[in-house]
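Okay, so here's the structure we're looking at.
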Amino acid sequence: MIEFKLEISRDNVTYYSVDLFPQQQLEYDLDFYDSLEIDKVKLPFYTTLRIPLTTNNKASNRFNFEPTTSLSVDYPKQDFYFKITVFNSSTSTEIGGILNVKSIEYNSSQSYIEVELKDYISRYLA
């Protein structure tokens with residue numbers, strides 16, 4: 001299992017840690033080319049994550065949205081900057097890019113925010 005930390009920012013200067021589910025998995029794609037159609041470029045780093053809808057993640061310095069009380073116009077549609085720090089046995093690796101909120105599930109036993117993460121190269125190619 002890969003251990004990692006996710007941080008987000010609105011201004012690409014000040015980053016705040018985001019709560020993750022226990023034993024959260026980081027699955028991502030790093031292929032540049034499609035194996036069946038070599039001329040189709042894939043995104044260098046792209047993934048989606050479900051993160052818990054905790055008090056910390058709903059805070060104003062993070063997503064600033066409370067599904068039961070916030071107005072629909074306050075839904076977080078803007079781009080967020082992200083940094084993922086992946087911890088290995090002897091080193092750590094950092095990946096940065098743009099995070100977008102895809103959906104918020106709050107009417108369930110485990111409420112979550114589904115986010116899409118693209119590195120800067122992926123964002124440019126898209």
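Identifiers in this document derive from the order of the structure tokens: chains are assigned A, B, ..., residues are numbered from 1 separately in each chain, and ligands are numbered from 1 in order of occurrence.
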
Exercise. Using only C-alpha atoms, determine which residues lie at most 10 Å from Arg50 (chain A), disregarding the query and same-chain residues fewer than 3 positions distant; provide the list as JSON, numbers by chain.
Key: {"A": [20, 21, 24, 25, 53, 101, 102, 103, 104, 105, 111, 112, 113, 114, 115, 116]}

How would the residues just picked look written out with C-alpha atoms as a PDB file, in the first residue's frame?
ATOM      1  CA  LEU A  20      -8.293  11.023   3.836  1.00  0.00           C
ATOM      2  CA  PHE A  21     -10.098   7.775   4.557  1.00  0.00           C
ATOM      3  CA  GLN A  24      -6.803   5.291   1.429  1.00  0.00           C
ATOM      4  CA  GLN A  25      -5.446   3.921  -1.851  1.00  0.00           C
ATOM      5  CA  LEU A  53     -16.680  14.849   3.983  1.00  0.00           C
ATOM      6  CA  VAL A 101     -14.676  18.646  -7.341  1.00  0.00           C
ATOM      7  CA  LYS A 102     -16.764  16.201  -9.381  1.00  0.00           C
ATOM      8  CA  SER A 103     -19.502  15.446  -6.853  1.00  0.00           C
ATOM      9  CA  ILE A 104     -20.401  15.448  -3.180  1.00  0.00           C
ATOM     10  CA  GLU A 105     -22.215  12.485  -1.611  1.00  0.00           C
ATOM     11  CA  SER A 111     -20.222  10.935   3.090  1.00  0.00           C
ATOM     12  CA  TYR A 112     -17.491  11.906   0.633  1.00  0.00           C
ATOM     13  CA  ILE A 113     -16.257  14.408  -1.923  1.00  0.00           C
ATOM     14  CA  GLU A 114     -15.228  12.936  -5.270  1.00  0.00           C
ATOM     15  CA  VAL A 115     -12.375  14.887  -6.819  1.00  0.00           C
ATOM     16  CA  GLU A 116     -10.473  14.724 -10.087  1.00  0.00           C
TER      17      GLU A 116
END

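Within the 10 Å cut-off around region 65-69 of chain A, using only C-alpha atoms and omitting residues fewer than 2 positions from it on the same chain, the listed residues are Leu53, Thr54, Thr55, Asn57, Lys58, Ala59, Ser60, Arg62, Phe63, Leu71, Ser72, Asp74, Tyr75, Pro76, Ile104, Glu105, Tyr106 and Asn107 of chain A.
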
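Among the candidate residues A:Gln23, A:Asn100, A:Thr48, A:Thr91, the one lying nearest to Arg10 (chain A) is A:Asn100, with distances computed using only C-alpha atoms.
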
Quiz item: Quick one: of A:Leu117, A:Leu49, A:Glu27, A:Tyr81, who's nearest to Asn12 (chain A), counting only C-alpha atoms?
Solution: A:Tyr81

Quiz item: Suppose you want the space between CA of Asp11 (chain A) and CA of Thr85 (chain A); what is it in Å?
Solution: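 Computing it gives 18.5 Å between the two atoms.
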
Practice problem: Enumerate, as a PyMOL selection string, the complete set of residues in chain A that a backbone-based DSSP assignment places in alpha helix (DSSP H). | Solution: chain A and resi 55-58+120-125

Could the residues in this selection be written to a file with N, CA and C atoms, as a PDB file, in the first residue's frame?
ATOM      1  N   THR A  55     -15.460  17.621   8.864  1.00  0.00           N
ATOM      2  CA  THR A  55     -15.522  19.030   9.246  1.00  0.00           C
ATOM      3  C   THR A  55     -14.301  19.772   8.711  1.00  0.00           C
ATOM      4  N   ASN A  56     -13.134  19.150   8.805  1.00  0.00           N
ATOM      5  CA  ASN A  56     -11.902  19.752   8.309  1.00  0.00           C
ATOM      6  C   ASN A  56     -11.982  20.008   6.800  1.00  0.00           C
ATOM      7  N   ASN A  57     -12.471  19.043   6.036  1.00  0.00           N
ATOM      8  CA  ASN A  57     -12.542  19.196   4.578  1.00  0.00           C
ATOM      9  C   ASN A  57     -13.619  20.188   4.139  1.00  0.00           C
ATOM     10  N   LYS A  58     -14.631  20.420   4.988  1.00  0.00           N
ATOM     11  CA  LYS A  58     -15.676  21.395   4.665  1.00  0.00           C
ATOM     12  C   LYS A  58     -15.281  22.815   5.066  1.00  0.00           C
ATOM     13  N   TYR A 120      -0.035  19.216 -14.107  1.00  0.00           N
ATOM     14  CA  TYR A 120      -0.006  20.385 -14.982  1.00  0.00           C
ATOM     15  C   TYR A 120       0.133  20.008 -16.447  1.00  0.00           C
ATOM     16  N   ILE A 121       0.890  18.969 -16.757  1.00  0.00           N
ATOM     17  CA  ILE A 121       1.031  18.529 -18.139  1.00  0.00           C
ATOM     18  C   ILE A 121      -0.302  18.003 -18.644  1.00  0.00           C
ATOM     19  N   SER A 122      -0.980  17.218 -17.831  1.00  0.00           N
ATOM     20  CA  SER A 122      -2.296  16.696 -18.208  1.00  0.00           C
ATOM     21  C   SER A 122      -3.269  17.822 -18.471  1.00  0.00           C
ATOM     22  N   ARG A 123      -3.234  18.813 -17.607  1.00  0.00           N
ATOM     23  CA  ARG A 123      -4.138  19.963 -17.757  1.00  0.00           C
ATOM     24  C   ARG A 123      -3.867  20.673 -19.081  1.00  0.00           C
ATOM     25  N   TYR A 124      -2.597  20.835 -19.413  1.00  0.00           N
ATOM     26  CA  TYR A 124      -2.223  21.495 -20.653  1.00  0.00           C
ATOM     27  C   TYR A 124      -2.684  20.675 -21.862  1.00  0.00           C
ATOM     28  N   LEU A 125      -2.455  19.359 -21.823  1.00  0.00           N
ATOM     29  CA  LEU A 125      -2.836  18.493 -22.929  1.00  0.00           C
ATOM     30  C   LEU A 125      -4.346  18.414 -23.115  1.00  0.00           C
TER      31      LEU A 125
END

What lies within 8 Å of Ser17 (chain A) using only C-alpha atoms, ignoring chain neighbours under 6 positions off, as an mmCIF file with all heavy atoms, in the first residue's frame?
data_model
loop_
_atom_site.group_PDB
_atom_site.id
_atom_site.type_symbol
_atom_site.label_atom_id
_atom_site.label_comp_id
_atom_site.auth_asym_id
_atom_site.auth_seq_id
_atom_site.Cartn_x
_atom_site.Cartn_y
_atom_site.Cartn_z
ATOM 1 N N LYS A 5 0.012 11.892 1.214
ATOM 2 C CA LYS A 5 -0.651 13.037 1.837
ATOM 3 C C LYS A 5 -1.168 13.921 0.713
ATOM 4 O O LYS A 5 -0.477 14.135 -0.279
ATOM 5 C CB LYS A 5 0.358 13.791 2.702
ATOM 6 C CG LYS A 5 -0.147 15.102 3.269
ATOM 7 C CD LYS A 5 0.877 15.767 4.168
ATOM 8 C CE LYS A 5 2.038 16.286 3.363
ATOM 9 N NZ LYS A 5 2.953 17.148 4.116
ATOM 10 N N LEU A 6 -2.384 14.433 0.853
ATOM 11 C CA LEU A 6 -2.974 15.341 -0.125
ATOM 12 C C LEU A 6 -3.153 16.705 0.516
ATOM 13 O O LEU A 6 -3.689 16.812 1.619
ATOM 14 C CB LEU A 6 -4.331 14.808 -0.602
ATOM 15 C CG LEU A 6 -5.154 15.717 -1.518
ATOM 16 C CD1 LEU A 6 -4.430 15.991 -2.827
ATOM 17 C CD2 LEU A 6 -6.521 15.112 -1.784
ATOM 18 N N GLU A 7 -2.677 17.739 -0.188
ATOM 19 C CA GLU A 7 -2.850 19.124 0.254
ATOM 20 C C GLU A 7 -3.479 19.908 -0.887
ATOM 21 O O GLU A 7 -3.189 19.644 -2.054
ATOM 22 C CB GLU A 7 -1.510 19.742 0.617
ATOM 23 C CG GLU A 7 -0.800 19.056 1.764
ATOM 24 C CD GLU A 7 0.605 19.594 1.944
ATOM 25 O OE1 GLU A 7 1.469 19.263 1.112
ATOM 26 O OE2 GLU A 7 0.813 20.353 2.902
ATOM 27 N N ILE A 8 -4.334 20.897 -0.538
ATOM 28 C CA ILE A 8 -4.952 21.736 -1.563
ATOM 29 C C ILE A 8 -4.755 23.209 -1.236
ATOM 30 O O ILE A 8 -4.490 23.580 -0.097
ATOM 31 C CB ILE A 8 -6.453 21.429 -1.750
ATOM 32 C CG1 ILE A 8 -7.259 21.779 -0.497
ATOM 33 C CG2 ILE A 8 -6.669 19.994 -2.180
ATOM 34 C CD1 ILE A 8 -8.768 21.738 -0.717
#

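Proximity of A:Gln78, A:Ser108, A:Ile84, A:Glu3 to Thr47 (chain A), computed with only C-alpha atoms, is greatest for A:Ile84.
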
Quiz prompt | Separation of CA of Lys118 (chain A) from CA of Asn64 (chain A) in Å | solution = 21.0 Å

Quiz item: In terms of the shortest atom-to-atom distance over only C-alpha atoms, which of A:Ser9, A:Ile51, A:Asn61, A:Tyr16 is closest to Leu99 (chain A)?
Solution: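 Among A:Ser9, A:Ile51, A:Asn61, A:Tyr16, it is A:Ser9 that comes nearest to Leu99 (chain A).
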
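Across the structure, CA of Pro52 (chain A) and CA of Val18 (chain A) are spaced 9.0 Å apart.
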